[in-house]
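Enquirer: The structure is given below, and queries will be raised subsequently.
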Amino acid sequence: MSVFNLIKNIKLVIMDVDGVLTDGTIYLNTQGYETKAFNVLDGTGIAYLRRAGIKTAIISGRNCDAVIHRAKELGIEDVYQGVKNKIDAYKQLLEKYAFSDKEICYIGDDLIDLPVFYRVGFPVAVANATPMVKQHSAYITKVRGGQGAVREVAEKILKYQDKWHLIMERYQKPAT
């Protein structure tokens, strides 16, 4: 099946955090507080998805306050952290929005993401994903997680769904 056929009905993009929205590095200060570095390109891609009416969510195996703050900045309402069995959170999202599997894109990088990969319509592995995750993906990003991979996927979805014009309207050169 072509990538276009997998993308055309996407209504929700779910992302992992470590290795996807970040480069996978975990920063701990001397008090043991964890922080993360997020790429502005990914944030912009998430904003574009929302502007075009596509929902976004996070499912992460770790807990970190920085994720809550970043999600709030980006308007991501559905944030699941500390999830060891990601399929449970995935099922909650399906039920909440009454979406089918084929309407979901999931972006992941490691084995913990595979149960969701097996279900969604458009499983995406970032360039730095483990080989098995890449093997089960419909698309592998050109860039690594934390370096604009989510933005890359957002643009691909919006262009294939013919919604890119909704983003470009505000950036068009004015007529003279």
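Ordered as shown in the structure tokens, chains take letters A, B, and onward, while each chain numbers its residues from 1 and ligands are numbered from 1 in the order shown.
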Taking 5 positions as the minimum chain separation for residues in the same chain, which residues sit within 9 Å of Gly19 in chain A when counting only C-alpha atoms? Answer as a ChimeraX atom specification.

Expert: /A:24-25,108-110,126,128-129,144-146

Enquirer: I need the residues from that last selection saved to file as a PDB file, in the first residue's frame (with C-alpha atoms), if you can.

Expert:
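Output below, filename part_28.pdb:
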```pdb
ATOM      1  CA  GLY A  24      17.108  10.681  23.678  1.00  0.00           C
ATOM      2  CA  THR A  25      19.529  12.422  26.025  1.00  0.00           C
ATOM      3  CA  GLY A 108       8.305   5.973  17.806  1.00  0.00           C
ATOM      4  CA  ASP A 109      11.863   4.760  18.135  1.00  0.00           C
ATOM      5  CA  ASP A 110      12.134   1.734  20.422  1.00  0.00           C
ATOM      6  CA  VAL A 126      12.556   8.167  13.356  1.00  0.00           C
ATOM      7  CA  ASN A 128      17.602   6.817  14.949  1.00  0.00           C
ATOM      8  CA  ALA A 129      15.037   4.123  15.772  1.00  0.00           C
ATOM      9  CA  ARG A 144      16.784  11.845  13.790  1.00  0.00           C
ATOM     10  CA  GLY A 145      14.444  12.286  16.726  1.00  0.00           C
ATOM     11  CA  GLY A 146      14.905  15.631  18.437  1.00  0.00           C
TER      12      GLY A 146
END
```

Enquirer: Return as JSON lines the residues of range 39-140 of chain A lying at most 12 Å from range 164-174 of chain A, together with the closest atom-to-atom pair for each and the distance in Å to one decimal, counting only C-alpha atoms, with rows in chain order and ascending residue number.

Expert:
```
{"residue": "A:Thr44", "atom": "CA", "partner": "A:Ile167", "partner_atom": "CA", "distance": 10.7}
{"residue": "A:Gly45", "atom": "CA", "partner": "A:Ile167", "partner_atom": "CA", "distance": 10.1}
{"residue": "A:Ile46", "atom": "CA", "partner": "A:Ile167", "partner_atom": "CA", "distance": 11.7}
{"residue": "A:Ala47", "atom": "CA", "partner": "A:Ile167", "partner_atom": "CA", "distance": 9.6}
{"residue": "A:Tyr48", "atom": "CA", "partner": "A:Ile167", "partner_atom": "CA", "distance": 6.4}
{"residue": "A:Leu49", "atom": "CA", "partner": "A:Ile167", "partner_atom": "CA", "distance": 9.0}
{"residue": "A:Arg50", "atom": "CA", "partner": "A:Ile167", "partner_atom": "CA", "distance": 10.3}
{"residue": "A:Arg51", "atom": "CA", "partner": "A:Ile167", "partner_atom": "CA", "distance": 7.4}
{"residue": "A:Ala52", "atom": "CA", "partner": "A:Leu166", "partner_atom": "CA", "distance": 6.5}
{"residue": "A:Gly53", "atom": "CA", "partner": "A:Leu166", "partner_atom": "CA", "distance": 10.1}
```

Enquirer: Keeping all heavy atoms, export the residues of the selection given above as a CSV table (one decimal), in the first residue's frame.

Expert:
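Written output follows (result32.csv):
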```csv
chain,number,residue,atom,x,y,z
A,44,THR,N,6.8,23.5,15.9
A,44,THR,CA,6.1,24.2,14.8
A,44,THR,C,5.3,23.2,14.0
A,44,THR,O,4.2,23.4,13.7
A,44,THR,CB,7.1,24.9,13.9
A,44,THR,OG1,7.9,25.8,14.7
A,44,THR,CG2,6.4,25.6,12.8
A,45,GLY,N,5.8,22.0,13.8
A,45,GLY,CA,5.1,20.9,13.1
A,45,GLY,C,3.8,20.5,13.8
A,45,GLY,O,2.8,20.3,13.2
A,46,ILE,N,3.9,20.4,15.2
A,46,ILE,CA,2.8,20.1,16.0
A,46,ILE,C,1.7,21.2,15.9
A,46,ILE,O,0.5,21.0,15.7
A,46,ILE,CB,3.2,19.9,17.4
A,46,ILE,CG1,4.0,18.6,17.5
A,46,ILE,CG2,2.0,19.8,18.4
A,46,ILE,CD1,4.7,18.3,18.8
A,47,ALA,N,2.2,22.5,15.9
A,47,ALA,CA,1.2,23.6,15.7
A,47,ALA,C,0.6,23.6,14.3
A,47,ALA,O,-0.6,23.8,14.2
A,47,ALA,CB,2.0,24.9,15.9
A,48,TYR,N,1.3,23.2,13.3
A,48,TYR,CA,0.7,23.1,12.0
A,48,TYR,C,-0.4,22.0,11.9
A,48,TYR,O,-1.4,22.2,11.3
A,48,TYR,CB,1.8,22.7,10.9
A,48,TYR,CG,2.8,23.8,10.6
A,48,TYR,CD1,3.9,23.5,9.9
A,48,TYR,CD2,2.6,25.2,11.1
A,48,TYR,CE1,4.9,24.5,9.6
A,48,TYR,CE2,3.5,26.1,10.8
A,48,TYR,CZ,4.7,25.8,10.0
A,48,TYR,OH,5.6,26.8,9.7
A,49,LEU,N,-0.1,20.9,12.5
A,49,LEU,CA,-1.1,19.8,12.6
A,49,LEU,C,-2.4,20.3,13.3
A,49,LEU,O,-3.5,20.1,12.7
A,49,LEU,CB,-0.6,18.6,13.3
A,49,LEU,CG,0.5,17.8,12.6
A,49,LEU,CD1,1.2,16.8,13.6
A,49,LEU,CD2,0.0,17.1,11.4
A,50,ARG,N,-2.2,21.0,14.4
A,50,ARG,CA,-3.4,21.5,15.1
A,50,ARG,C,-4.1,22.5,14.3
A,50,ARG,O,-5.4,22.5,14.2
A,50,ARG,CB,-3.0,22.0,16.5
A,50,ARG,CG,-2.5,21.0,17.4
A,50,ARG,CD,-2.2,21.5,18.8
A,50,ARG,NE,-3.2,22.3,19.4
A,50,ARG,CZ,-3.1,23.6,19.6
A,50,ARG,NH1,-2.0,24.3,19.3
A,50,ARG,NH2,-4.1,24.3,20.1
A,51,ARG,N,-3.4,23.4,13.6
A,51,ARG,CA,-4.0,24.4,12.8
A,51,ARG,C,-4.9,23.8,11.6
A,51,ARG,O,-5.9,24.3,11.2
A,51,ARG,CB,-3.0,25.3,12.2
A,51,ARG,CG,-3.5,26.5,11.5
A,51,ARG,CD,-2.5,27.4,10.9
A,51,ARG,NE,-1.4,27.8,11.8
A,51,ARG,CZ,-0.2,28.2,11.4
A,51,ARG,NH1,0.0,28.4,10.1
A,51,ARG,NH2,0.7,28.5,12.2
A,52,ALA,N,-4.4,22.6,11.2
A,52,ALA,CA,-5.1,21.9,10.1
A,52,ALA,C,-6.2,21.0,10.6
A,52,ALA,O,-6.8,20.2,9.8
A,52,ALA,CB,-4.1,21.1,9.2
A,53,GLY,N,-6.4,20.9,11.9
A,53,GLY,CA,-7.5,20.1,12.5
A,53,GLY,C,-7.1,18.7,12.9
A,53,GLY,O,-8.0,17.9,13.1
```

Enquirer: Which residues are close to Leu41 in chain A, i.e. within 8 Å by only C-alpha atoms, leaving aside same-chain residues fewer than 6 positions away? Reply as a list in words.

Expert: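 Answer for this query is Gln147, Gly148, Val150 and Arg151 of chain A.
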
Enquirer: Could you tell me how far CA of Tyr90 in chain A sits from CA of Lys11 in chain A, in Å to one decimal place?

Expert: 13.9 Å

Enquirer: Leaving out Gly82 in chain A and any residue of its chain fewer than 2 positions from it, which residues lie within 9 Å of it when counting only C-alpha atoms, given as a ChimeraX atom specification?

Expert: /A:59-64,80,84

Enquirer: Taking 3 positions as the minimum chain separation for residues in the same chain, which residues sit within 10 Å of Glu77 in chain A when counting only C-alpha atoms? Answer as a count of residues only.

Expert: 9

Enquirer: DSSP on the backbone: what in chain A comes out helix (DSSP H, G or I), as a PyMOL selection string?

Expert: chain A and resi 3-7+40-51+65-74+86-97+101-103+111-117+131-135+149-160+164-171

Enquirer: Hey, which of A:Val3, A:Ala154, A:Ala37, A:Gly75 ends up closest to Val17 in chain A? Count only C-alpha atoms.

Expert: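 Result for the nearest residue to Val17 in chain A: A:Ala37.
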
Enquirer: What lies within 12 Å of Ser2 in chain A using only C-alpha atoms, ignoring chain neighbours under 2 positions off, as a list in words?

Expert: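 After dropping sequence-adjacent residues, the list is Phe4, Asn5, Leu6, Ile7, Lys8, Gly121, Phe122, Ala138, Tyr139 and Tyr160 of chain A.
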
Enquirer: Please give the complete set of residues from range 6-165 of chain A that DSSP, run on the backbone, assigns to strand (DSSP E or B), formatted as a ChimeraX atom specification.

Expert: /A:12-15,27-28,34-35,55-59,78-80,104-108,122-125,139-140

Enquirer: Could you name the residues that touch Ala125 in chain A at 12 Å or less, counting only C-alpha atoms, but leaving out those on the same chain fewer than 2 positions away, as a compact mmCIF listing (two decimals) with C-alpha atoms, in the first residue's frame?

Expert:
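Final file, part08.txt:
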```txt
# COMPACT_ATOMS: atom_id res chain seq x y z
CA MET A 15 4.37 10.77 19.61
CA ASP A 16 6.82 9.16 21.96
CA GLY A 19 14.28 9.65 21.03
CA VAL A 20 11.40 11.22 19.08
CA CYS A 105 -0.16 7.94 13.07
CA TYR A 106 2.31 6.92 15.75
CA ILE A 107 5.92 8.14 15.78
CA GLY A 108 8.30 5.97 17.81
CA ASP A 109 11.86 4.76 18.13
CA ASP A 110 12.13 1.73 20.42
CA LEU A 111 10.67 -1.69 21.20
CA ASP A 113 6.46 1.40 20.76
CA LEU A 114 5.90 -1.79 18.73
CA VAL A 116 1.10 0.49 19.01
CA PHE A 117 2.96 0.25 15.68
CA PHE A 122 0.66 4.96 9.75
CA PRO A 123 3.54 3.77 11.97
CA ALA A 127 15.95 7.84 11.66
CA ASN A 128 17.60 6.82 14.95
CA ALA A 129 15.04 4.12 15.77
CA THR A 130 16.09 0.58 16.55
CA PRO A 131 16.25 -1.77 13.53
CA MET A 132 13.16 -3.74 14.54
CA VAL A 133 11.07 -0.57 14.86
CA LYS A 134 12.24 0.53 11.42
CA GLN A 135 11.33 -2.90 10.07
CA HIS A 136 7.71 -2.46 11.24
CA SER A 137 7.28 1.13 10.09
CA ALA A 138 5.52 2.43 7.01
CA TYR A 139 7.89 5.40 6.88
CA ILE A 140 11.33 6.21 8.31
CA THR A 141 12.15 9.89 8.76
CA LYS A 142 15.21 11.35 7.11
CA VAL A 143 16.20 13.19 10.31
CA ARG A 144 16.78 11.84 13.79
CA GLY A 145 14.44 12.29 16.73
CA ALA A 149 11.52 14.37 12.74
CA VAL A 150 8.03 15.25 13.97
CA GLU A 152 9.01 16.14 8.77
CA VAL A 153 6.06 13.83 9.44
```

Enquirer: May I ask which of the residues A:Ala98, A:Asp18, A:Asp23, A:Ala175 is the closest one to Gln81 in chain A, counting only C-alpha atoms?

Expert: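 Distance minimum relative to Gln81 in chain A lands on A:Asp18.
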